[in-house]
file run-v9.cif (mmCIF, C-alpha atoms)
data_structure
loop_
_atom_site.group_PDB
_atom_site.id
_atom_site.type_symbol
_atom_site.label_atom_id
_atom_site.label_comp_id
_atom_site.auth_asym_id
_atom_site.auth_seq_id
_atom_site.Cartn_x
_atom_site.Cartn_y
_atom_site.Cartn_z
ATOM 1 C CA MET A 1 115.034 82.568 107.207
ATOM 2 C CA MET A 2 114.910 85.427 104.720
ATOM 3 C CA LYS A 3 112.358 87.196 106.919
ATOM 4 C CA ASN A 4 114.846 87.175 109.827
ATOM 5 C CA GLN A 5 117.699 88.265 107.604
ATOM 6 C CA ILE A 6 115.685 91.202 106.303
ATOM 7 C CA GLU A 7 114.665 92.083 109.838
ATOM 8 C CA ASN A 8 118.326 92.199 110.899
ATOM 9 C CA ASP A 9 119.198 94.399 107.921
ATOM 10 C CA LEU A 10 116.296 96.715 108.708
ATOM 11 C CA ARG A 11 117.051 97.047 112.411
ATOM 12 C CA SER A 12 120.681 97.766 111.743
ATOM 13 C CA TRP A 13 119.988 100.399 109.112
ATOM 14 C CA LEU A 14 117.078 102.059 110.943
ATOM 15 C CA SER A 15 119.159 102.360 114.112
ATOM 16 C CA PHE A 16 122.032 103.846 112.127
ATOM 17 C CA MET A 17 119.700 106.334 110.443
ATOM 18 C CA SER A 18 118.032 107.309 113.715
ATOM 19 C CA ASN A 19 121.419 108.110 115.207
ATOM 20 C CA LYS A 20 122.418 110.082 112.141
ATOM 21 C CA TYR A 21 119.121 111.981 111.752
ATOM 22 C CA CYS A 22 118.019 112.641 115.279
ATOM 23 C CA TRP A 23 114.608 113.879 114.170
ATOM 24 C CA LEU A 24 113.770 110.615 112.390
ATOM 25 C CA ARG A 25 111.172 108.217 113.701
ATOM 26 C CA SER A 26 110.696 104.863 112.003
ATOM 27 C CA ARG A 27 107.887 102.378 112.568
ATOM 28 C CA PHE A 28 108.055 98.924 111.104
ATOM 29 C CA GLU A 29 106.415 95.537 111.266
ATOM 30 C CA TYR A 30 106.061 92.331 109.309
ATOM 31 C CA SER A 31 102.815 92.038 107.365
ATOM 32 C CA GLU A 32 101.617 88.443 107.138
ATOM 33 C CA ALA A 33 99.008 89.483 104.579
ATOM 34 C CA ARG A 34 101.647 90.973 102.289
ATOM 35 C CA GLY A 35 104.517 88.678 103.241
ATOM 36 C CA ARG A 36 106.808 91.676 103.601
ATOM 37 C CA TRP A 37 108.278 94.066 106.104
ATOM 38 C CA LEU A 38 106.614 97.484 106.042
ATOM 39 C CA VAL A 39 108.445 100.644 107.124
ATOM 40 C CA SER A 40 107.027 104.114 107.680
ATOM 41 C CA PHE A 41 109.138 107.235 108.305
ATOM 42 C CA SER A 42 108.166 110.486 110.012
ATOM 43 C CA PRO A 43 107.968 113.431 110.362
ATOM 44 C CA VAL A 44 107.298 114.486 106.783
ATOM 45 C CA ASP A 45 108.159 118.144 107.388
ATOM 46 C CA ARG A 46 111.744 117.184 108.306
ATOM 47 C CA ILE A 47 112.005 114.547 105.590
ATOM 48 C CA LEU A 48 111.122 117.190 102.994
ATOM 49 C CA LEU A 49 114.123 119.265 104.090
ATOM 50 C CA SER A 50 116.723 116.504 104.076
ATOM 51 C CA ASP A 51 118.080 115.570 100.654
ATOM 52 C CA ALA A 52 120.745 113.527 102.416
ATOM 53 C CA PHE A 53 118.189 111.382 104.211
ATOM 54 C CA ASN A 54 116.157 110.824 101.053
ATOM 55 C CA ASN A 55 119.238 109.863 99.034
ATOM 56 C CA GLU A 56 120.272 107.357 101.678
ATOM 57 C CA ALA A 57 116.754 105.941 101.829
ATOM 58 C CA ILE A 58 116.703 105.534 98.038
ATOM 59 C CA ALA A 59 120.058 103.733 98.095
ATOM 60 C CA PHE A 60 118.958 101.393 100.879
ATOM 61 C CA ALA A 61 115.653 100.547 99.177
ATOM 62 C CA ASP A 62 117.533 99.804 95.942
ATOM 63 C CA LYS A 63 119.909 97.530 97.830
ATOM 64 C CA MET A 64 117.008 95.710 99.485
ATOM 65 C CA ASN A 65 115.295 95.215 96.141
ATOM 66 C CA ASP A 66 118.489 93.931 94.537
ATOM 67 C CA GLU A 67 119.012 91.427 97.340
ATOM 68 C CA TYR A 68 115.503 90.333 98.176
ATOM 69 C CA GLY A 69 113.368 90.996 95.092
ATOM 70 C CA ASN A 70 109.666 90.559 95.845
ATOM 71 C CA GLN A 71 110.439 89.975 99.533
ATOM 72 C CA ALA A 72 112.069 93.402 99.900
ATOM 73 C CA PRO A 73 110.576 95.756 102.500
ATOM 74 C CA LEU A 74 108.178 98.478 101.406
ATOM 75 C CA PHE A 75 108.771 102.058 102.515
ATOM 76 C CA THR A 76 106.582 105.106 102.881
ATOM 77 C CA ASP A 77 106.272 108.384 104.797
ATOM 78 C CA GLU A 78 103.660 108.709 107.549
ATOM 79 C CA GLU A 79 101.803 105.613 106.334
ATOM 80 C CA GLN A 80 100.766 107.265 103.081
ATOM 81 C CA LEU A 81 100.950 104.092 100.977
ATOM 82 C CA PHE A 82 100.006 101.567 103.630
ATOM 83 C CA GLY A 83 99.004 101.529 107.266
ATOM 84 C CA LEU A 84 100.773 99.928 110.192
ATOM 85 C CA THR A 85 99.099 98.386 113.194
ATOM 86 C CA ALA A 86 99.501 99.552 116.761
ATOM 87 C CA ASN A 87 101.897 96.613 117.219
ATOM 88 C CA ALA A 88 104.472 98.137 114.870
ATOM 89 C CA GLU A 89 107.835 98.691 116.486
ATOM 90 C CA SER A 90 109.217 102.197 116.724
ATOM 91 C CA ILE A 91 112.850 103.247 116.373
ATOM 92 C CA ALA A 92 113.885 106.786 117.221
ATOM 93 C CA LYS A 93 116.921 108.575 118.567
ATOM 94 C CA GLU A 94 117.174 108.170 122.315
ATOM 95 C CA LEU A 95 116.788 111.608 123.841
ATOM 96 C CA VAL A 96 118.755 110.630 126.968
ATOM 97 C CA PHE A 97 122.016 111.160 125.097
ATOM 98 C CA TYR A 98 121.070 114.706 124.218
ATOM 99 C CA THR A 99 119.919 115.432 127.733
ATOM 100 C CA GLU A 100 123.275 114.242 129.122
ATOM 101 C CA THR A 101 125.187 116.244 126.546
ATOM 102 C CA VAL A 102 123.250 119.371 127.301
ATOM 103 C CA MET A 103 123.881 118.863 131.017
ATOM 104 C CA LYS A 104 127.579 118.357 130.334
ATOM 105 C CA TYR A 105 127.908 121.602 128.435
ATOM 106 C CA SER A 106 125.402 123.615 130.390
ATOM 107 C CA SER A 107 127.980 124.408 133.056
ATOM 108 C CA LEU A 108 130.111 126.047 130.349
ATOM 109 C CA LEU A 109 127.269 128.134 129.054
ATOM 110 C CA SER A 110 126.801 130.407 132.026
ATOM 111 C CA SER A 111 127.679 133.504 130.042
ATOM 112 C CA ILE A 112 126.406 132.368 126.672
ATOM 113 C CA SER A 113 122.752 132.529 125.831
ATOM 114 C CA PHE A 114 120.882 131.210 122.865
ATOM 115 C CA TYR A 115 117.852 133.184 121.793
ATOM 116 C CA PRO A 116 116.274 131.503 118.813
ATOM 117 C CA SER A 117 113.904 133.571 116.762
ATOM 118 C CA ALA A 118 110.211 132.783 116.962
ATOM 119 C CA GLN A 119 110.473 131.383 113.463
ATOM 120 C CA THR A 120 113.307 129.067 114.473
ATOM 121 C CA VAL A 121 111.506 127.942 117.603
ATOM 122 C CA SER A 122 108.383 127.145 115.614
ATOM 123 C CA LYS A 123 110.461 124.847 113.400
ATOM 124 C CA MET A 124 112.111 123.242 116.403
ATOM 125 C CA ASN A 125 109.126 121.442 117.730
ATOM 126 C CA THR A 126 111.060 118.648 119.400
ATOM 127 C CA LYS A 127 113.262 118.581 122.448
ATOM 128 C CA CYS A 128 115.907 116.884 120.307
ATOM 129 C CA ASP A 129 116.117 119.837 117.919
ATOM 130 C CA LEU A 130 116.444 122.449 120.629
ATOM 131 C CA SER A 131 119.035 120.388 122.510
ATOM 132 C CA GLN A 132 121.055 119.911 119.347
ATOM 133 C CA SER A 133 121.038 123.665 118.747
ATOM 134 C CA TYR A 134 122.313 124.292 122.262
ATOM 135 C CA ASN A 135 125.037 121.733 121.535
ATOM 136 C CA LEU A 136 126.153 123.598 118.438
ATOM 137 C CA TYR A 137 126.461 126.834 120.389
ATOM 138 C CA ALA A 138 128.400 124.977 123.101
ATOM 139 C CA VAL A 139 130.860 123.653 120.523
ATOM 140 C CA ALA A 140 131.209 127.118 119.022
ATOM 141 C CA ALA A 141 131.950 128.546 122.466
ATOM 142 C CA MET G 1 103.053 101.139 74.232
ATOM 143 C CA LYS G 2 101.490 104.402 75.393
ATOM 144 C CA ASP G 3 98.162 103.240 73.959
ATOM 145 C CA LYS G 4 98.560 99.957 75.836
ATOM 146 C CA ALA G 5 99.133 101.870 79.052
ATOM 147 C CA VAL G 6 96.006 103.945 78.446
ATOM 148 C CA ASP G 7 94.070 100.768 77.591
ATOM 149 C CA ASN G 8 95.204 99.144 80.792
ATOM 150 C CA LEU G 9 93.933 102.079 82.836
ATOM 151 C CA ALA G 10 90.612 101.902 80.999
ATOM 152 C CA SER G 11 90.468 98.137 81.569
ATOM 153 C CA SER G 12 91.176 98.665 85.251
ATOM 154 C CA GLN G 13 88.166 100.970 85.460
ATOM 155 C CA ILE G 14 85.924 98.509 83.627
ATOM 156 C CA LEU G 15 86.972 95.749 86.008
ATOM 157 C CA LEU G 16 86.339 98.003 88.995
ATOM 158 C CA ASN G 17 82.910 98.946 87.639
ATOM 159 C CA ASN G 18 82.124 95.228 87.435
ATOM 160 C CA ARG G 19 83.436 94.562 90.944
ATOM 161 C CA HIS G 20 86.503 92.634 89.792
ATOM 162 C CA TYR G 21 88.745 94.440 92.250
ATOM 163 C CA THR G 22 91.608 91.913 92.414
ATOM 164 C CA THR G 23 92.087 91.651 88.657
ATOM 165 C CA SER G 24 91.879 95.424 88.280
ATOM 166 C CA VAL G 25 95.120 95.726 90.277
ATOM 167 C CA HIS G 26 97.012 93.899 87.524
ATOM 168 C CA CYS G 27 95.848 96.423 84.927
ATOM 169 C CA SER G 28 96.574 99.391 87.181
ATOM 170 C CA TYR G 29 100.171 98.335 87.720
ATOM 171 C CA TYR G 30 100.829 97.441 84.087
ATOM 172 C CA ALA G 31 99.502 100.803 82.969
ATOM 173 C CA VAL G 32 102.386 102.362 84.904
ATOM 174 C CA PHE G 33 104.931 99.780 83.797
ATOM 175 C CA GLU G 34 104.042 100.169 80.128
ATOM 176 C CA TYR G 35 104.063 103.955 80.401
ATOM 177 C CA MET G 36 107.570 103.805 81.872
ATOM 178 C CA LYS G 37 108.682 101.588 78.962
ATOM 179 C CA TYR G 38 107.143 104.079 76.533
ATOM 180 C CA ILE G 39 108.969 106.976 78.185
ATOM 181 C CA LEU G 40 112.299 105.147 78.035
ATOM 182 C CA ALA G 41 111.877 104.414 74.330
ATOM 183 C CA ASN G 42 110.877 107.977 73.459
ATOM 184 C CA VAL G 43 112.786 110.224 75.858
ATOM 185 C CA SER G 44 114.986 112.721 73.998
ATOM 186 C CA HIS G 45 118.123 112.086 76.029
ATOM 187 C CA ASN G 46 119.511 108.541 76.006
ATOM 188 C CA PRO G 47 116.430 106.570 74.950
ATOM 189 C CA ILE G 48 116.394 102.785 75.246
ATOM 190 C CA SER G 49 114.628 100.955 72.426
ATOM 191 C CA TYR G 50 112.015 98.333 73.206
ATOM 192 C CA GLU G 51 114.337 95.699 71.739
ATOM 193 C CA ILE G 52 117.053 96.507 74.236
ATOM 194 C CA GLN G 53 114.549 96.881 77.071
ATOM 195 C CA ASN G 54 113.215 93.411 76.292
ATOM 196 C CA LEU G 55 116.641 91.825 76.650
ATOM 197 C CA HIS G 56 115.921 91.964 80.363
ATOM 198 C CA SER G 57 113.339 89.338 81.195
ATOM 199 C CA GLY G 58 111.316 88.211 84.176
ATOM 200 C CA GLU G 59 110.677 90.126 87.361
ATOM 201 C CA SER G 60 114.112 91.753 87.249
ATOM 202 C CA SER G 61 113.055 93.549 84.068
ATOM 203 C CA HIS G 62 110.600 95.589 86.147
ATOM 204 C CA GLU G 63 113.377 96.832 88.427
ATOM 205 C CA TYR G 64 115.550 97.490 85.377
ATOM 206 C CA ILE G 65 112.852 99.699 83.835
ATOM 207 C CA LEU G 66 112.346 101.549 87.129
ATOM 208 C CA ASP G 67 116.127 102.006 87.530
ATOM 209 C CA GLU G 68 116.481 103.482 84.050
ATOM 210 C CA ILE G 69 113.532 105.820 84.611
ATOM 211 C CA LYS G 70 115.004 106.860 87.941
ATOM 212 C CA ASN G 71 118.325 107.674 86.258
ATOM 213 C CA ARG G 72 116.548 110.089 83.927
ATOM 214 C CA ILE G 73 114.316 111.913 86.385
ATOM 215 C CA SER G 74 115.416 115.383 87.482
ATOM 216 C CA THR G 75 113.609 116.225 90.673
ATOM 217 C CA SER G 76 114.212 116.449 94.406
ATOM 218 C CA PRO G 77 115.454 113.314 96.173
ATOM 219 C CA ARG G 78 112.237 113.226 98.147
ATOM 220 C CA ASN G 79 110.070 113.296 95.016
ATOM 221 C CA LEU G 80 112.262 110.629 93.449
ATOM 222 C CA ARG G 81 111.957 108.445 96.526
ATOM 223 C CA ASN G 82 108.190 108.908 96.621
ATOM 224 C CA PHE G 83 107.921 107.902 92.977
ATOM 225 C CA CYS G 84 110.045 104.755 93.396
ATOM 226 C CA GLU G 85 108.212 103.764 96.564
ATOM 227 C CA GLY G 86 104.889 104.264 94.786
ATOM 228 C CA VAL G 87 105.896 102.051 91.858
ATOM 229 C CA ARG G 88 107.282 99.331 94.126
ATOM 230 C CA PHE G 89 104.199 99.417 96.322
ATOM 231 C CA LEU G 90 101.903 99.095 93.301
ATOM 232 C CA LYS G 91 104.103 96.292 91.967
ATOM 233 C CA SER G 92 103.814 94.453 95.283
ATOM 234 C CA GLU G 93 100.024 94.789 95.135
ATOM 235 C CA ARG G 94 100.082 93.359 91.627
ATOM 236 C CA VAL G 95 102.200 90.403 92.771
ATOM 237 C CA ASP G 96 99.674 89.747 95.536
ATOM 238 C CA ALA G 97 96.773 90.077 93.105
ATOM 239 C CA ASP G 98 98.304 87.758 90.497
ATOM 240 C CA TYR G 99 100.066 85.093 92.541
ATOM 241 C CA LYS G 100 98.731 85.011 96.092
ATOM 242 C CA LEU G 101 95.441 84.139 97.713
ATOM 243 C CA ARG G 102 94.810 87.724 98.773
ATOM 244 C CA ILE G 103 91.453 89.154 97.669
ATOM 245 C CA PHE G 104 91.322 92.917 97.163
ATOM 246 C CA THR G 105 88.499 95.063 98.426
ATOM 247 C CA GLU G 106 86.767 97.777 96.446
ATOM 248 C CA SER G 107 88.706 100.500 98.267
ATOM 249 C CA GLU G 108 92.021 98.697 97.638
ATOM 250 C CA GLY G 109 91.228 98.306 93.944
ATOM 251 C CA LEU G 110 90.236 101.956 93.639
ATOM 252 C CA SER G 111 93.306 103.006 95.580
ATOM 253 C CA CYS G 112 95.576 101.080 93.220
ATOM 254 C CA LYS G 113 94.028 102.700 90.161
ATOM 255 C CA SER G 114 94.308 106.116 91.760
ATOM 256 C CA LYS G 115 97.964 105.464 92.547
ATOM 257 C CA ALA G 116 98.591 104.346 88.974
ATOM 258 C CA GLU G 117 97.052 107.559 87.659
ATOM 259 C CA GLY G 118 99.166 109.563 90.071
ATOM 260 C CA LEU G 119 102.378 107.829 89.015
ATOM 261 C CA ILE G 120 101.616 108.365 85.328
ATOM 262 C CA ALA G 121 100.884 112.022 86.082
ATOM 263 C CA ASN G 122 104.297 112.199 87.802
ATOM 264 C CA LEU G 123 105.942 110.734 84.683
ATOM 265 C CA LYS G 124 104.262 113.370 82.521
ATOM 266 C CA THR G 125 105.511 116.059 84.892
ATOM 267 C CA TYR G 126 109.092 114.768 84.823
ATOM 268 C CA PHE G 127 109.312 113.956 81.102
ATOM 269 C CA GLY G 128 106.584 116.071 79.526
ATOM 270 C CA ASN G 129 103.555 114.709 77.735
ATOM 271 C CA ILE G 130 105.628 112.837 75.147
#

call {"tool": "encode", "arguments": {"input": "run-v9.cif", "output": "structure tokens"}}
result
Amino acid sequence: MMKNQIENDLRSWLSFMSNKYCWLRSRFEYSEARGRWLVSFSPVDRILLSDAFNNEAIAFADKMNDEYGNQAPLFTDEEQLFGLTANAESIAKELVFYTETVMKYSSLLSSISFYPSAQTVSKMNTKCDLSQSYNLYAVAA
Amino acid sequence: MKDKAVDNLASSQILLNNRHYTTSVHCSYYAVFEYMKYILANVSHNPISYEIQNLHSGESSHEYILDEIKNRISTSPRNLRNFCEGVRFLKSERVDADYKLRIFTESEGLSCKSKAEGLIANLKTYFGNI
């Protein structure tokens, strides 16, 4: 019963966080050996840059510990503290939304070009990041 | 309390040397817990005496100690999160070692001790070598 309740809480929060932080990927599964849900976040290089994400993650972990005590989920980045199996479920922002948004605004961008610097491009190593940048320029236009 | 924390780390190593990997986890975790209690009692700003700390009993006292330490750490949110996750992970290993049927391997026992040393090193970084 508590296992299902925690699962619901986790799914809801991880989905919310993935929508809010489009770069976030979460993997999670229930560990029978530990009797707990295990959650791993990635990528570390983006996590390091987001104080907002880390503050929200701290608050959620505190809430889980207050509610569930020794049953509370354990969290880590890129499986540093514990490993997950290949069966772990993954939650990440759906890229389809960004693709549709880019398509929607692309017709308005005929005379506006975005030339990111090499440094910026090297940091934007996901399609999501680049699409979001195009979005920002579309809104500005 | 600081001496107890140091003793617990030493005991953890002795247990590991004698292949008592599961029981070593208990000592590794309590080294960190006792060091956090020591810090809280001796920190310059807003210390909490052992008497007041001990008013909180049971498993919730561990979260209370961690909460109070967290409130006094000045570092990046990511470092703070890493520290809390490390303590809670080590605590969960200790619960498994003490109360469940789980048997720890050599690498798990060594990993727990290494994590304990890392967390204590973090505390020294955040609060100085009080």

call {"tool": "residues_around", "arguments": {"input": "run-v9.cif", "residues": "Ala33 of chain A", "least_positions_apart": "6", "cutoff": "10 Å", "atoms": "all atoms listed in the file", "output": "list in words"}}
result
Asp96, Lys100, Leu101 and Arg102 of chain G

call {"tool": "closest_residue", "arguments": {"input": "run-v9.cif", "among": "G:Asn8, G:Ser107, G:Asn17, G:Ser92", "to": "chain A", "atoms": "all atoms listed in the file"}}
result
G:Ser92

call {"tool": "interface_residues", "arguments": {"input": "run-v9.cif", "of": "chain A", "to": "chain G", "cutoff": "8 Å", "atoms": "all atoms listed in the file", "output": "PyMOL selection string"}}
result
chain A and resi 33-34+47-48+51+54-55+57-58+69-70+74-76+81

call {"tool": "axis_aligned_box", "arguments": {"input": "run-v9.cif", "around": "segment 88-105 of chain G", "padding_each_side": "4 Å", "output": "JSON"}}
result
{"center_x": 97.9, "center_y": 91.8, "center_z": 94.6, "size_x": 26.8, "size_y": 23.3, "size_z": 16.3}

call {"tool": "atom_distance", "arguments": {"input": "run-v9.cif", "atom1": "atom CA of Pro43 of chain A", "atom2": "atom CA of Ala86 of chain A"}}
result
17.5 Å

call {"tool": "resolve_selection", "arguments": {"input": "run-v9.cif", "expression": "the PyMOL selection byres ((chain G and resi 109) around 9)", "output": "PyMOL selection string"}}
result
chain G and resi 12+16+20-25+28+104-108+110-114

call {"tool": "closest_residue", "arguments": {"input": "run-v9.cif", "among": "G:Ile69, G:Ser61, G:Ala31, G:Asn122", "to": "Val43 of chain G", "atoms": "all atoms listed in the file"}}
result
G:Ile69

call {"tool": "residues_around", "arguments": {"input": "run-v9.cif", "residues": "Glu68 of chain G", "least_positions_apart": "6", "cutoff": "10 Å", "atoms": "all atoms listed in the file", "output": "VMD selection string"}}
result
chain G and resid 36 to 37 40 46 to 48 53

call {"tool": "write_last_selection", "arguments": {"input": "run-v9.cif", "atoms": "C-alpha atoms", "output": "PDB file, in the frame of the given file"}}
result
ATOM      1  CA  MET G  36     107.570 103.805  81.872  1.00  0.00           C
ATOM      2  CA  LYS G  37     108.682 101.588  78.962  1.00  0.00           C
ATOM      3  CA  LEU G  40     112.299 105.147  78.035  1.00  0.00           C
ATOM      4  CA  ASN G  46     119.511 108.541  76.006  1.00  0.00           C
ATOM      5  CA  PRO G  47     116.430 106.570  74.950  1.00  0.00           C
ATOM      6  CA  ILE G  48     116.394 102.785  75.246  1.00  0.00           C
ATOM      7  CA  GLN G  53     114.549  96.881  77.071  1.00  0.00           C
TER       8      GLN G  53
END

call {"tool": "atom_distance", "arguments": {"input": "run-v9.cif", "atom1": "atom CA of Phe53 of chain A", "atom2": "atom CA of Ser18 of chain A"}}
result
10.3 Å

call {"tool": "atom_distance", "arguments": {"input": "run-v9.cif", "atom1": "atom CA of Tyr30 of chain G", "atom2": "atom CA of Phe41 of chain A"}}
result
27.4 Å

call {"tool": "decode", "arguments": {"input": "run-v9.cif", "residues": "segment 1-96 of chain A", "atoms": "C-alpha atoms", "output": "PDB file, in the first residue's frame"}}
result
ATOM      1  CA  MET A   1       0.000   0.000   0.000  1.00  0.00           C
ATOM      2  CA  MET A   2       2.689   2.479   0.999  1.00  0.00           C
ATOM      3  CA  LYS A   3       4.830   1.293  -1.914  1.00  0.00           C
ATOM      4  CA  ASN A   4       2.038   2.240  -4.354  1.00  0.00           C
ATOM      5  CA  GLN A   5       1.432   5.546  -2.628  1.00  0.00           C
ATOM      6  CA  ILE A   6       5.109   6.444  -2.858  1.00  0.00           C
ATOM      7  CA  GLU A   7       5.154   5.380  -6.488  1.00  0.00           C
ATOM      8  CA  ASN A   8       2.245   7.727  -7.244  1.00  0.00           C
ATOM      9  CA  ASP A   9       3.991  10.591  -5.452  1.00  0.00           C
ATOM     10  CA  LEU A  10       7.203   9.902  -7.353  1.00  0.00           C
ATOM     11  CA  ARG A  11       5.588   9.664 -10.778  1.00  0.00           C
ATOM     12  CA  SER A  12       3.665  12.851 -10.240  1.00  0.00           C
ATOM     13  CA  TRP A  13       6.672  14.821  -9.051  1.00  0.00           C
ATOM     14  CA  LEU A  14       9.130  13.412 -11.611  1.00  0.00           C
ATOM     15  CA  SER A  15       6.735  14.220 -14.452  1.00  0.00           C
ATOM     16  CA  PHE A  16       6.274  17.740 -13.110  1.00  0.00           C
ATOM     17  CA  MET A  17      10.036  18.219 -12.822  1.00  0.00           C
ATOM     18  CA  SER A  18      10.692  16.836 -16.300  1.00  0.00           C
ATOM     19  CA  ASN A  19       8.248  19.333 -17.759  1.00  0.00           C
ATOM     20  CA  LYS A  20       9.794  22.158 -15.780  1.00  0.00           C
ATOM     21  CA  TYR A  21      13.440  21.228 -16.469  1.00  0.00           C
ATOM     22  CA  CYS A  22      13.411  19.961 -20.003  1.00  0.00           C
ATOM     23  CA  TRP A  23      16.983  18.703 -19.768  1.00  0.00           C
ATOM     24  CA  LEU A  24      16.207  16.418 -16.818  1.00  0.00           C
ATOM     25  CA  ARG A  25      16.148  12.663 -17.143  1.00  0.00           C
ATOM     26  CA  SER A  26      15.029  10.548 -14.204  1.00  0.00           C
ATOM     27  CA  ARG A  27      15.325   6.786 -13.833  1.00  0.00           C
ATOM     28  CA  PHE A  28      13.604   4.992 -11.018  1.00  0.00           C
ATOM     29  CA  GLU A  29      12.656   1.550  -9.818  1.00  0.00           C
ATOM     30  CA  TYR A  30      11.630  -0.311  -6.701  1.00  0.00           C
ATOM     31  CA  SER A  31      14.439  -2.253  -5.044  1.00  0.00           C
ATOM     32  CA  GLU A  32      13.182  -5.421  -3.374  1.00  0.00           C
ATOM     33  CA  ALA A  33      16.561  -5.867  -1.695  1.00  0.00           C
ATOM     34  CA  ARG A  34      16.375  -2.426  -0.096  1.00  0.00           C
ATOM     35  CA  GLY A  35      12.599  -2.207   0.229  1.00  0.00           C
ATOM     36  CA  ARG A  36      12.667   1.290  -1.230  1.00  0.00           C
ATOM     37  CA  TRP A  37      12.210   3.241  -4.412  1.00  0.00           C
ATOM     38  CA  LEU A  38      15.502   4.374  -5.939  1.00  0.00           C
ATOM     39  CA  VAL A  39      15.748   7.468  -8.149  1.00  0.00           C
ATOM     40  CA  SER A  40      18.683   8.642 -10.238  1.00  0.00           C
ATOM     41  CA  PHE A  41      18.862  12.026 -12.000  1.00  0.00           C
ATOM     42  CA  SER A  42      20.949  13.059 -15.002  1.00  0.00           C
ATOM     43  CA  PRO A  43      22.764  14.790 -16.597  1.00  0.00           C
ATOM     44  CA  VAL A  44      25.120  15.977 -13.874  1.00  0.00           C
ATOM     45  CA  ASP A  45      26.526  18.852 -15.935  1.00  0.00           C
ATOM     46  CA  ARG A  46      23.064  20.467 -16.106  1.00  0.00           C
ATOM     47  CA  ILE A  47      22.208  19.615 -12.509  1.00  0.00           C
ATOM     48  CA  LEU A  48      25.345  21.450 -11.368  1.00  0.00           C
ATOM     49  CA  LEU A  49      24.088  24.632 -13.045  1.00  0.00           C
ATOM     50  CA  SER A  50      20.555  24.610 -11.668  1.00  0.00           C
ATOM     51  CA  ASP A  51      20.198  25.843  -8.094  1.00  0.00           C
ATOM     52  CA  ALA A  52      16.442  25.871  -8.621  1.00  0.00           C
ATOM     53  CA  PHE A  53      16.341  22.185  -9.486  1.00  0.00           C
ATOM     54  CA  ASN A  54      18.541  21.236  -6.541  1.00  0.00           C
ATOM     55  CA  ASN A  55      16.452  23.280  -4.102  1.00  0.00           C
ATOM     56  CA  GLU A  56      13.275  21.629  -5.334  1.00  0.00           C
ATOM     57  CA  ALA A  57      14.871  18.194  -5.099  1.00  0.00           C
ATOM     58  CA  ILE A  58      15.967  18.895  -1.514  1.00  0.00           C
ATOM     59  CA  ALA A  59      12.455  20.019  -0.563  1.00  0.00           C
ATOM     60  CA  PHE A  60      10.854  16.954  -2.138  1.00  0.00           C
ATOM     61  CA  ALA A  61      13.285  14.540  -0.466  1.00  0.00           C
ATOM     62  CA  ASP A  62      12.606  16.215   2.894  1.00  0.00           C
ATOM     63  CA  LYS A  63       8.873  15.855   2.333  1.00  0.00           C
ATOM     64  CA  MET A  64       9.263  12.181   1.431  1.00  0.00           C
ATOM     65  CA  ASN A  65      11.338  11.546   4.538  1.00  0.00           C
ATOM     66  CA  ASP A  66       8.828  13.344   6.750  1.00  0.00           C
ATOM     67  CA  GLU A  67       5.962  11.296   5.340  1.00  0.00           C
ATOM     68  CA  TYR A  68       7.512   7.899   4.820  1.00  0.00           C
ATOM     69  CA  GLY A  69      10.505   7.673   7.167  1.00  0.00           C
ATOM     70  CA  ASN A  70      12.621   4.601   6.426  1.00  0.00           C
ATOM     71  CA  GLN A  71      10.441   3.770   3.410  1.00  0.00           C
ATOM     72  CA  ALA A  72      11.239   7.091   1.715  1.00  0.00           C
ATOM     73  CA  PRO A  73      12.843   6.927  -1.739  1.00  0.00           C
ATOM     74  CA  LEU A  74      16.590   7.359  -2.087  1.00  0.00           C
ATOM     75  CA  PHE A  75      17.966   9.861  -4.586  1.00  0.00           C
ATOM     76  CA  THR A  76      21.260  10.268  -6.375  1.00  0.00           C
ATOM     77  CA  ASP A  77      22.818  11.726  -9.531  1.00  0.00           C
ATOM     78  CA  GLU A  78      23.932   9.390 -12.325  1.00  0.00           C
ATOM     79  CA  GLU A  79      23.790   6.357 -10.026  1.00  0.00           C
ATOM     80  CA  GLN A  80      26.659   7.600  -7.878  1.00  0.00           C
ATOM     81  CA  LEU A  81      25.320   6.173  -4.606  1.00  0.00           C
ATOM     82  CA  PHE A  82      23.540   3.129  -5.972  1.00  0.00           C
ATOM     83  CA  GLY A  83      22.978   1.438  -9.296  1.00  0.00           C
ATOM     84  CA  LEU A  84      19.730   0.827 -11.122  1.00  0.00           C
ATOM     85  CA  THR A  85      18.949  -2.165 -13.274  1.00  0.00           C
ATOM     86  CA  ALA A  86      18.143  -2.056 -16.959  1.00  0.00           C
ATOM     87  CA  ASN A  87      14.483  -2.465 -15.945  1.00  0.00           C
ATOM     88  CA  ALA A  88      14.384   0.969 -14.311  1.00  0.00           C
ATOM     89  CA  GLU A  89      11.764   3.252 -15.778  1.00  0.00           C
ATOM     90  CA  SER A  90      12.832   6.487 -17.406  1.00  0.00           C
ATOM     91  CA  ILE A  91      10.999   9.812 -17.296  1.00  0.00           C
ATOM     92  CA  ALA A  92      12.124  12.665 -19.512  1.00  0.00           C
ATOM     93  CA  LYS A  93      10.583  15.614 -21.287  1.00  0.00           C
ATOM     94  CA  GLU A  94       8.863  14.525 -24.470  1.00  0.00           C
ATOM     95  CA  LEU A  95      10.707  16.139 -27.349  1.00  0.00           C
ATOM     96  CA  VAL A  96       7.628  16.028 -29.610  1.00  0.00           C
TER      97      VAL A  96
END
